[in-house]
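Novice: Coordinates in query-v8.txt, compact mmCIF, C-alpha atoms, are listed below.
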```txt
# COMPACT_ATOMS: atom_id res chain seq x y z
CA MET A 1 73.02 30.78 -14.56
CA HIS A 2 72.44 32.16 -11.10
CA LYS A 3 72.89 29.84 -8.18
CA GLN A 4 69.75 29.31 -6.14
CA ASN A 5 69.87 29.36 -2.37
CA LYS A 6 68.82 26.06 -0.91
CA TYR A 7 67.19 25.82 2.50
CA THR A 8 67.57 22.65 4.50
CA VAL A 9 64.52 21.70 6.56
CA SER A 10 64.86 18.89 9.08
CA HIS A 11 62.15 16.60 10.37
CA ALA A 12 60.54 16.75 13.80
CA PRO A 13 61.39 17.33 16.58
CA PHE A 14 62.05 20.95 15.67
CA TRP A 15 63.09 21.86 19.21
CA HIS A 16 65.99 20.04 20.83
CA ASP A 17 69.08 20.62 22.95
CA GLY A 18 71.58 20.00 20.18
CA ASP A 19 71.71 16.21 20.50
CA THR A 20 71.15 13.90 17.56
CA ILE A 21 68.05 11.76 17.06
CA ALA A 22 70.17 8.71 17.89
CA THR A 23 71.28 10.24 21.20
CA MET A 24 67.70 11.13 22.07
CA ASN A 25 66.46 7.60 21.38
CA LEU A 26 69.33 6.03 23.33
CA ASN A 27 68.40 8.22 26.30
CA LEU A 28 64.75 7.22 25.93
CA ILE A 29 65.75 3.55 26.04
CA LEU A 30 67.99 4.27 29.04
CA ALA A 31 65.11 5.99 30.83
CA ALA A 32 62.87 2.97 30.21
CA LEU A 33 65.42 0.48 31.54
CA PRO A 34 64.53 0.67 35.29
CA ALA A 35 60.92 -0.34 34.59
CA ALA A 36 61.96 -2.90 31.97
CA ILE A 37 64.61 -4.52 34.19
CA PHE A 38 62.13 -4.71 37.07
CA GLY A 39 59.70 -6.47 34.74
CA ILE A 40 62.38 -8.98 33.77
CA LEU A 41 63.19 -9.66 37.43
CA LYS A 42 59.50 -10.01 38.24
CA PHE A 43 58.39 -12.16 35.30
CA GLY A 44 61.64 -13.94 34.52
CA ALA A 45 63.05 -15.26 31.24
CA PRO A 46 59.76 -14.98 29.29
CA ALA A 47 59.79 -11.22 29.83
CA LEU A 48 63.37 -10.97 28.63
CA GLY A 49 62.41 -12.99 25.55
CA VAL A 50 59.48 -10.72 24.71
CA LEU A 51 61.55 -7.54 25.10
CA SER A 52 64.47 -8.93 23.09
CA LEU A 53 62.20 -10.12 20.27
CA ALA A 54 60.31 -6.83 20.23
CA VAL A 55 63.45 -4.69 19.92
CA SER A 56 65.19 -6.94 17.38
CA SER A 57 62.10 -7.48 15.21
CA ALA A 58 61.31 -3.74 15.14
CA ILE A 59 64.83 -3.06 13.84
CA LEU A 60 64.52 -5.83 11.24
CA TRP A 61 61.11 -4.58 10.03
CA GLU A 62 62.53 -1.09 9.46
CA LEU A 63 65.60 -2.53 7.73
CA ALA A 64 63.40 -4.66 5.46
CA PHE A 65 61.22 -1.66 4.61
CA ASN A 66 64.34 0.37 3.76
CA PHE A 67 65.47 -2.33 1.33
CA ILE A 68 62.06 -2.85 -0.27
CA SER A 69 61.43 0.87 -0.74
CA LYS A 70 65.06 1.48 -1.78
CA ARG A 71 65.59 4.10 0.89
CA ASP A 72 68.66 4.89 2.93
CA ILE A 73 69.22 2.61 5.92
CA THR A 74 67.81 4.41 8.97
CA ILE A 75 68.21 1.92 11.81
CA ALA A 76 71.30 3.77 13.08
CA ASP A 77 69.04 6.44 14.64
CA TYR A 78 67.74 3.78 17.11
CA ASP A 79 64.16 4.94 16.59
CA ALA A 80 63.02 1.42 15.65
CA ALA A 81 64.78 0.06 18.74
CA ALA A 82 62.96 2.58 20.94
CA ILE A 83 59.61 1.70 19.33
CA GLY A 84 60.28 -2.01 19.86
CA MET A 85 61.22 -1.36 23.47
CA LEU A 86 57.94 0.42 24.18
CA VAL A 87 55.87 -2.23 22.39
CA GLY A 88 57.58 -4.97 24.40
CA MET A 89 57.03 -3.11 27.66
CA MET A 90 53.28 -2.95 26.99
CA LEU A 91 52.96 -6.69 26.35
CA PRO A 92 52.47 -9.41 28.98
CA ALA A 93 55.41 -11.73 29.64
CA THR A 94 53.29 -14.60 28.30
CA ALA A 95 52.73 -12.97 24.90
CA PRO A 96 53.31 -15.50 22.09
CA TRP A 97 56.10 -14.77 19.63
CA TRP A 98 53.75 -14.11 16.73
CA ILE A 99 51.93 -11.39 18.69
CA VAL A 100 55.26 -9.64 19.28
CA LEU A 101 56.13 -9.82 15.58
CA ILE A 102 52.72 -8.52 14.46
CA GLY A 103 52.84 -5.72 17.04
CA THR A 104 56.25 -4.46 15.97
CA LEU A 105 55.40 -4.84 12.28
CA ILE A 106 52.33 -2.64 12.64
CA ALA A 107 54.15 -0.16 14.89
CA VAL A 108 57.16 0.32 12.62
CA VAL A 109 55.67 -0.07 9.14
CA VAL A 110 52.07 1.14 9.57
CA GLY A 111 52.70 3.55 12.42
CA LYS A 112 55.87 5.14 11.08
CA MET A 113 57.45 4.13 7.78
CA ILE A 114 54.45 4.55 5.47
CA TYR A 115 54.32 8.22 6.52
CA GLY A 116 57.88 8.73 5.34
CA GLY A 117 59.77 7.68 8.44
CA ILE A 118 60.70 9.49 11.62
CA GLY A 119 59.14 12.92 11.99
CA GLY A 120 56.25 12.30 9.59
CA ASN A 121 54.07 10.02 11.71
CA PRO A 122 50.83 11.62 13.02
CA PHE A 123 50.39 8.90 15.67
CA ASN A 124 52.76 7.36 18.18
CA PRO A 125 53.98 4.21 16.36
CA ALA A 126 54.16 2.03 19.48
CA VAL A 127 50.62 3.03 20.44
CA VAL A 128 49.35 2.16 16.95
CA GLY A 129 50.86 -1.33 17.24
CA ILE A 130 49.42 -2.03 20.69
CA ALA A 131 46.00 -0.58 19.75
CA VAL A 132 45.65 -2.99 16.82
CA LEU A 133 46.66 -5.91 19.05
CA LEU A 134 44.17 -4.83 21.73
CA VAL A 135 41.30 -4.68 19.26
CA SER A 136 42.25 -7.92 17.51
CA TRP A 137 43.34 -10.12 20.43
CA LYS A 138 41.79 -8.57 23.52
CA GLN A 139 42.20 -11.76 25.54
CA ILE A 140 46.01 -11.54 25.28
CA PHE A 141 45.85 -8.39 27.42
CA ASP A 142 43.78 -9.99 30.19
CA PHE A 143 46.76 -9.89 32.55
CA ASP A 144 44.98 -11.69 35.39
CA ALA A 145 44.35 -14.68 33.14
CA ALA A 146 47.63 -14.47 31.27
CA LEU A 147 49.72 -14.42 34.45
CA LEU A 148 47.59 -16.93 36.34
CA ASN A 149 50.46 -19.43 36.75
CA TYR A 150 52.95 -16.89 38.09
CA GLU A 151 53.91 -16.98 41.77
CA PHE A 152 54.44 -13.35 42.73
CA GLY A 153 54.86 -13.75 46.48
CA PHE A 154 52.48 -10.93 47.37
CA THR A 155 48.79 -10.29 47.76
CA ALA A 156 47.03 -7.01 48.31
CA LEU A 157 44.00 -8.54 50.04
CA ALA A 158 45.49 -9.55 53.37
CA PRO A 159 47.33 -6.29 54.12
CA LEU A 160 44.33 -4.22 53.09
CA ALA A 161 42.08 -6.24 55.36
CA ALA A 162 44.44 -5.54 58.26
CA LEU A 163 44.18 -1.79 57.56
CA LYS A 164 40.39 -1.60 57.37
CA HIS A 165 40.09 -0.33 60.91
CA GLN A 166 42.34 2.62 60.03
CA GLY A 167 39.96 3.94 57.41
CA VAL A 168 39.88 4.41 53.65
CA ALA A 169 42.74 6.92 53.60
CA ALA A 170 45.18 4.45 55.17
CA MET A 171 44.08 1.72 52.76
CA ASP A 172 44.55 4.01 49.77
CA LEU A 173 48.01 5.04 51.00
CA PHE A 174 49.12 1.44 51.46
CA GLN A 175 47.69 0.43 48.12
CA THR A 176 49.37 3.32 46.32
CA ARG A 177 52.77 2.54 47.84
CA ASP A 178 52.55 -1.11 46.84
CA LEU A 179 51.35 -0.31 43.33
CA ALA A 180 54.20 2.16 42.83
CA MET A 181 56.72 -0.48 43.89
CA GLY A 182 55.39 -3.12 41.49
CA CYS A 183 53.02 -5.17 43.63
CA GLN A 184 50.50 -5.68 40.83
CA VAL A 185 49.97 -7.72 37.71
CA GLY A 186 50.32 -6.10 34.33
CA SER A 187 52.55 -5.77 31.31
CA ILE A 188 56.31 -6.18 31.50
CA GLY A 189 57.27 -2.54 31.68
CA THR A 190 54.35 -0.87 33.43
CA VAL A 191 54.10 -2.53 36.84
CA PHE A 192 56.99 -0.58 38.39
CA GLY A 193 55.48 2.89 38.61
CA ALA A 194 58.37 4.39 40.57
CA GLY A 195 60.81 3.30 37.85
CA ILE A 196 58.71 4.91 35.12
CA ILE A 197 58.54 8.16 37.09
CA LEU A 198 62.31 8.17 37.54
CA GLY A 199 62.77 7.61 33.83
CA GLY A 200 60.29 10.37 33.02
CA ILE A 201 62.00 12.86 35.31
CA TYR A 202 65.32 11.99 33.67
CA LEU A 203 63.89 12.70 30.20
CA ILE A 204 62.39 16.00 31.39
CA LEU A 205 65.63 17.15 32.98
CA ARG A 206 67.57 16.26 29.84
CA GLY A 207 65.05 18.17 27.71
CA TYR A 208 63.90 15.21 25.62
CA ILE A 209 60.22 15.45 26.58
CA ARG A 210 58.01 18.37 27.59
CA TRP A 211 57.00 18.47 31.24
CA GLU A 212 53.88 20.45 30.31
CA ILE A 213 52.39 17.43 28.53
CA SER A 214 53.25 14.96 31.30
CA LEU A 215 52.03 17.21 34.10
CA SER A 216 48.75 18.11 32.39
CA TYR A 217 48.16 14.43 31.52
CA VAL A 218 48.61 13.42 35.17
CA ALA A 219 46.39 16.33 36.27
CA GLY A 220 43.67 15.19 33.88
CA ILE A 221 43.87 11.66 35.30
CA LEU A 222 43.70 12.78 38.93
CA LEU A 223 40.94 15.36 38.49
CA THR A 224 38.64 13.16 36.40
CA ALA A 225 39.15 10.12 38.65
CA PHE A 226 38.48 12.32 41.70
CA LEU A 227 35.16 13.50 40.25
CA PHE A 228 34.08 9.91 39.53
CA ARG A 229 35.14 8.89 43.05
CA LEU A 230 33.19 11.80 44.48
CA VAL A 231 30.02 10.65 42.72
CA ASN A 232 30.26 7.03 43.89
CA PRO A 233 33.26 5.94 46.01
CA ASP A 234 31.92 2.38 46.21
CA ILE A 235 32.19 1.82 42.45
CA TYR A 236 35.03 3.99 41.19
CA ALA A 237 38.69 3.62 42.19
CA SER A 238 40.76 6.37 43.76
CA PRO A 239 42.74 8.82 41.59
CA LEU A 240 46.06 7.39 42.79
CA PHE A 241 44.95 3.88 41.92
CA HIS A 242 44.28 5.01 38.36
CA LEU A 243 47.62 6.80 38.24
CA PHE A 244 49.73 3.82 39.26
CA THR A 245 47.95 1.06 37.34
CA GLY A 246 47.83 0.10 33.69
CA TYR A 247 49.65 2.13 31.08
CA THR A 248 48.96 5.50 32.76
CA LEU A 249 52.49 6.51 33.78
CA LEU A 250 54.01 5.09 30.61
CA GLY A 251 51.48 7.14 28.68
CA ALA A 252 52.27 10.32 30.61
CA PHE A 253 56.05 10.17 30.16
CA PHE A 254 56.80 7.95 27.15
CA LEU A 255 53.76 7.78 24.86
CA ALA A 256 51.88 11.09 24.90
CA THR A 257 55.17 13.01 24.69
CA GLU A 258 56.34 11.48 21.38
CA ASN A 259 57.74 14.40 19.39
CA SER A 260 56.13 13.91 15.98
CA SER A 261 52.59 13.44 17.29
CA SER A 262 52.46 16.01 20.12
CA PRO A 263 52.10 19.84 20.14
CA VAL A 264 54.97 22.31 20.35
CA ASN A 265 53.15 25.34 21.75
CA LEU A 266 52.42 25.89 25.45
CA VAL A 267 48.62 26.15 25.55
CA PRO A 268 48.13 23.27 23.07
CA MET A 269 50.46 21.08 25.16
CA ILE A 270 48.36 21.67 28.27
CA ILE A 271 45.09 21.02 26.42
CA TYR A 272 46.58 17.95 24.71
CA GLY A 273 47.84 16.39 27.95
CA ALA A 274 44.73 17.20 29.98
CA MET A 275 42.41 15.77 27.31
CA GLY A 276 44.49 12.60 27.25
CA GLY A 277 44.08 12.16 30.99
CA VAL A 278 40.34 12.87 30.89
CA MET A 279 39.75 10.44 28.01
CA THR A 280 41.78 7.72 29.73
CA ILE A 281 39.51 7.78 32.79
CA LEU A 282 36.33 8.06 30.72
CA ILE A 283 37.25 4.97 28.70
CA ARG A 284 38.21 3.08 31.85
CA ASN A 285 35.10 3.94 33.83
CA ILE A 286 32.38 3.95 31.19
CA GLY A 287 34.02 2.29 28.17
CA SER A 288 34.46 -1.35 27.23
CA TYR A 289 38.22 -1.52 27.82
CA PRO A 290 39.73 -1.72 31.31
CA ASP A 291 42.65 0.53 30.31
CA GLY A 292 41.89 3.47 28.05
CA THR A 293 45.40 4.92 27.84
CA VAL A 294 46.24 3.61 24.37
CA PHE A 295 43.01 4.78 22.77
CA ALA A 296 43.09 8.11 24.61
CA ILE A 297 46.56 8.85 23.22
CA LEU A 298 45.45 7.94 19.70
CA LEU A 299 42.57 10.41 20.05
CA ILE A 300 44.77 13.28 21.22
CA ASN A 301 47.30 12.44 18.48
CA LEU A 302 44.43 12.82 16.04
CA ILE A 303 43.44 16.30 17.24
CA ASN A 304 47.04 17.45 17.74
CA PRO A 305 47.28 19.32 14.39
CA LEU A 306 44.08 21.19 15.21
CA ILE A 307 44.91 22.29 18.76
CA ASP A 308 48.52 23.11 17.90
CA ARG A 309 47.16 25.97 15.79
CA ILE A 310 46.39 27.75 19.06
CA ARG A 311 49.37 30.04 19.50
CA PRO A 312 50.21 33.61 20.54
CA LYS A 313 49.47 36.35 18.04
CA ALA A 314 52.43 37.05 15.79
CA LEU A 315 54.42 40.16 16.78
CA GLY A 316 53.01 43.13 14.93
CA LYS A 317 49.98 41.30 13.53
CA GLY A 318 46.89 43.48 13.42
CA VAL A 319 48.84 46.69 14.07
CA ASN A 320 47.88 49.61 11.86
CA ASN A 321 51.11 51.08 10.51
CA ALA A 322 49.42 53.86 8.53
```
Mind turning this structure into C-alpha cells?
Specialist:
Amino acid sequence: MHKQNKYTVSHAPFWHDGDTIATMNLNLILAALPAAIFGILKFGAPALGVLSLAVSSAILWELAFNFISKRDITIADYDAAAIGMLVGMMLPATAPWWIVLIGTLIAVVVGKMIYGGIGGNPFNPAVVGIAVLLVSWKQIFDFDAALLNYEFGFTALAPLAALKHQGVAAMDLFQTRDLAMGCQVGSIGTVFGAGIILGGIYLILRGYIRWEISLSYVAGILLTAFLFRLVNPDIYASPLFHLFTGYTLLGAFFLATENSSSPVNLVPMIIYGAMGGVMTILIRNIGSYPDGTVFAILLINLINPLIDRIRPKALGKGVNNA
C-alpha cells in the first residue's frame, strides 16, 4: 500500500511572525493592561472585581465546553483569557456579577466554541457577548446612571466655560486632551484613550494586528464625523470627540483587528476598516444606540468573507499561452 502525503493546515491567523497563538494572546493582554489598570485606579475595587471575574469565568466556560464536547483542553492558548479581558474592559465597574458571567458565556461559547474554536469564528467573540448584553440589558450600559455615585474629582463644564472666549477650536482641543487622559465616564477599559493607543501601537509594531485596518477605521470615524459636524455643528460632536469616547479606540485596535473575523488582503482591509468607522458614526448620530462601535464591528465581520474576495489577479491568469 502506498503511503499518502498528508498536508497539515493550521487555523487562522494564517499570517504571523512565527510566534505561537499563546504568545500572541499574552501580548494582546499586555497591550490592554495600561487602559485596564487605569480603569482599576479610576473606579477602584469594583473594576478589579469585574475584570477578574470576566477573565476567570471566560477560561472556565471554555474549559467546561472542552469537557462536555470531549475535546482537547485549549485554555493554554490564553484565547479565552484575552476574550474575557476585552469583555470586562467594555463593562461598567458597577456591572453585577451575573451580567459578567452571561457576557463571557455568550462570548466564549456562542461567539467562538460552537464554530469549532479559535480560528473558526466569523465574528469577534467579545463583541458578540457585549452586543447581546447591550440589546438585552441596555440600562446596564447607561454609564452616567451606573456611575452616578462615583466621585471622579473632575468636571468638563467649568474648564470649558473658561475657554469659551477663546473659540470653539480651543474648547475642542482642551476637551480632546482631557478625554484622551481619562477625564470621562465610561466602561472600565475604554476611558483612557492614550493607553489604548499605546497598546495598539505596540501590537502593530509587534505584527499582531494590521495597521491598515486600524488606520482606515480611524479615518472612517474622523471623515464621517467631520461631514456631520459640517452640516450642523450645533447638534453633532467633533470628530475628535467621537474618536476618544465610547468604544471607538478599543474597536480600532483590539476589536476590528481580530484575526479570524477580519480580512487578510490589502484593499479589503481598507474597505473593512473604513466601513466600520462610517457605520459607527451613523449608528451614533442617527441610530438608537449612543455608541455604535459594537454593532458596526458585527456588520463588517458579517461582510468580511465577501470583501476579502477582492484581491489582485493571480499571476498568469488570463494570459493566452497559445
Novice: Applying 7 Å and only C-alpha atoms, which residues near segment 72-77 of chain A remain after dropping the ones on its own chain fewer than 2 positions away? List them as a PyMOL selection string.
Specialist: chain A and resi 21-22+59+62-63+66+70+79-80
Novice: When distances are computed from all atoms listed in the file, which of A:Gly189, A:Gly182, A:Gly273, A:Gly44 shows the smallest separation from Trp211 of chain A?
Specialist: A:Gly273
Novice: Distance atom CA of Ser57 of chain A-atom CA of Ile197 of chain A, one decimal place?
Specialist: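 Atom-to-atom, atom CA of Ser57 of chain A and atom CA of Ile197 of chain A are spaced 27.1 Å apart.
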Novice: Any idea what the distance is between atom CA of Tyr78 of chain A and atom CA of Ile300 of chain A?
Specialist: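 For atom CA of Tyr78 of chain A relative to atom CA of Ile300 of chain A, the distance reads 25.2 Å.
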Novice: Taking only C-alpha atoms into account, which of A:Lys112, A:Met181, A:Tyr208, A:Glu258 comes nearest Thr20 of chain A?
Specialist: A:Tyr208
Novice: To one decimal in Å, tell me the separation between atom CA of Arg177 of chain A and atom CA of Gly199 of chain A.
Specialist: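 We find that atom CA of Arg177 of chain A and atom CA of Gly199 of chain A lie 17.9 Å from each other.
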Novice: Using all atoms listed in the file, pick whichever of A:Ala81, A:Ile307, A:Ile40, A:Ala35 has the shortest atom-to-atom distance to Ala180 of chain A.
Specialist: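 Among the listed residues, the smallest separation from Ala180 of chain A belongs to A:Ala35.
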Novice: Which one of A:Pro122, A:Met269, A:Ala54, A:Gly207 sits closest to Trp98 of chain A if you count all atoms listed in the file?
Specialist: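 The closest residue to Trp98 of chain A is A:Ala54.
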Novice: Where's the centre, and what are the edge lengths in Å to one decimal, of a box along x, y and z enclosing all listed atoms of segment 172-186 of chain A padded 8 Å per side, as AutoDock Vina command-line options?
Specialist:
```
--center_x 50.6 --center_y -1.3 --center_z 42.9 --size_x 28.2 --size_y 28.8 --size_z 33.1
```
Novice: Between A:Met113, A:Leu179, A:Ser262, A:Leu133, which one has atoms that come closest to Ala64 of chain A, using only C-alpha atoms?
Specialist: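 Nearest to Ala64 of chain A: A:Met113.
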Novice: Scan for residues within 9 Å of the point (67.3, -7.1, 27.9) in the coordinates of the file, using all atoms listed in the file, and reply as a ChimeraX atom specification.
Specialist: /A:33,36-37,40,47-49,51-52
Novice: How about saving the chosen residues, C-alpha atoms kept, as a CSV table (one decimal), in the frame of the given file?
Specialist:
```
chain,number,residue,atom,x,y,z
A,33,LEU,CA,65.4,0.5,31.5
A,36,ALA,CA,62.0,-2.9,32.0
A,37,ILE,CA,64.6,-4.5,34.2
A,40,ILE,CA,62.4,-9.0,33.8
A,47,ALA,CA,59.8,-11.2,29.8
A,48,LEU,CA,63.4,-11.0,28.6
A,49,GLY,CA,62.4,-13.0,25.6
A,51,LEU,CA,61.6,-7.5,25.1
A,52,SER,CA,64.5,-8.9,23.1
```
Novice: Compare A:Val108, A:Ala219, A:Leu299, A:Ile204 by their minimum atom-to-atom distance to Gly277 of chain A, counting only C-alpha atoms, and give me the closest one.
Specialist: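 Ranking A:Val108, A:Ala219, A:Leu299, A:Ile204 by distance to Gly277 of chain A, first place goes to A:Ala219.
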Novice: May I have the residues within 10 Å of segment 85-89 of chain A as number ranges by chain, using all atoms listed in the file and disregarding those fewer than 5 positions away in the same chain?
Specialist: A: 28-29, 32-33, 35-36, 39, 47-56, 58, 79-80, 95, 100, 103-104, 107, 125-130, 186-191, 247, 250, 254-255
Novice: I want to know what sits within 8 Å of Gly276 of chain A, based on only C-alpha atoms, with residues of the same chain fewer than 6 positions away left out; could you give that as a tab-separated table (two decimals) with C-alpha atoms, in the coordinates of the input?
Specialist:
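As written to disk, selection-v8.tsv reads:
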```
chain	number	residue	atom	x	y	z
A	217	TYR	CA	48.16	14.43	31.52
A	220	GLY	CA	43.67	15.19	33.88
A	256	ALA	CA	51.88	11.09	24.90
A	293	THR	CA	45.40	4.92	27.84
A	296	ALA	CA	43.09	8.11	24.61
A	297	ILE	CA	46.56	8.85	23.22
A	299	LEU	CA	42.57	10.41	20.05
A	300	ILE	CA	44.77	13.28	21.22
```
Novice: Need the shell around Thr176 of chain A: protein/DNA/RNA residues with any atom at most 8 Å away, counting all atoms listed in the file. Skip same-chain ones fewer than 5 positions apart. Format as a list of chain:residue names?
Specialist: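 Surrounding residues, per the criterion: A:Leu240, A:Phe241, A:Phe244.
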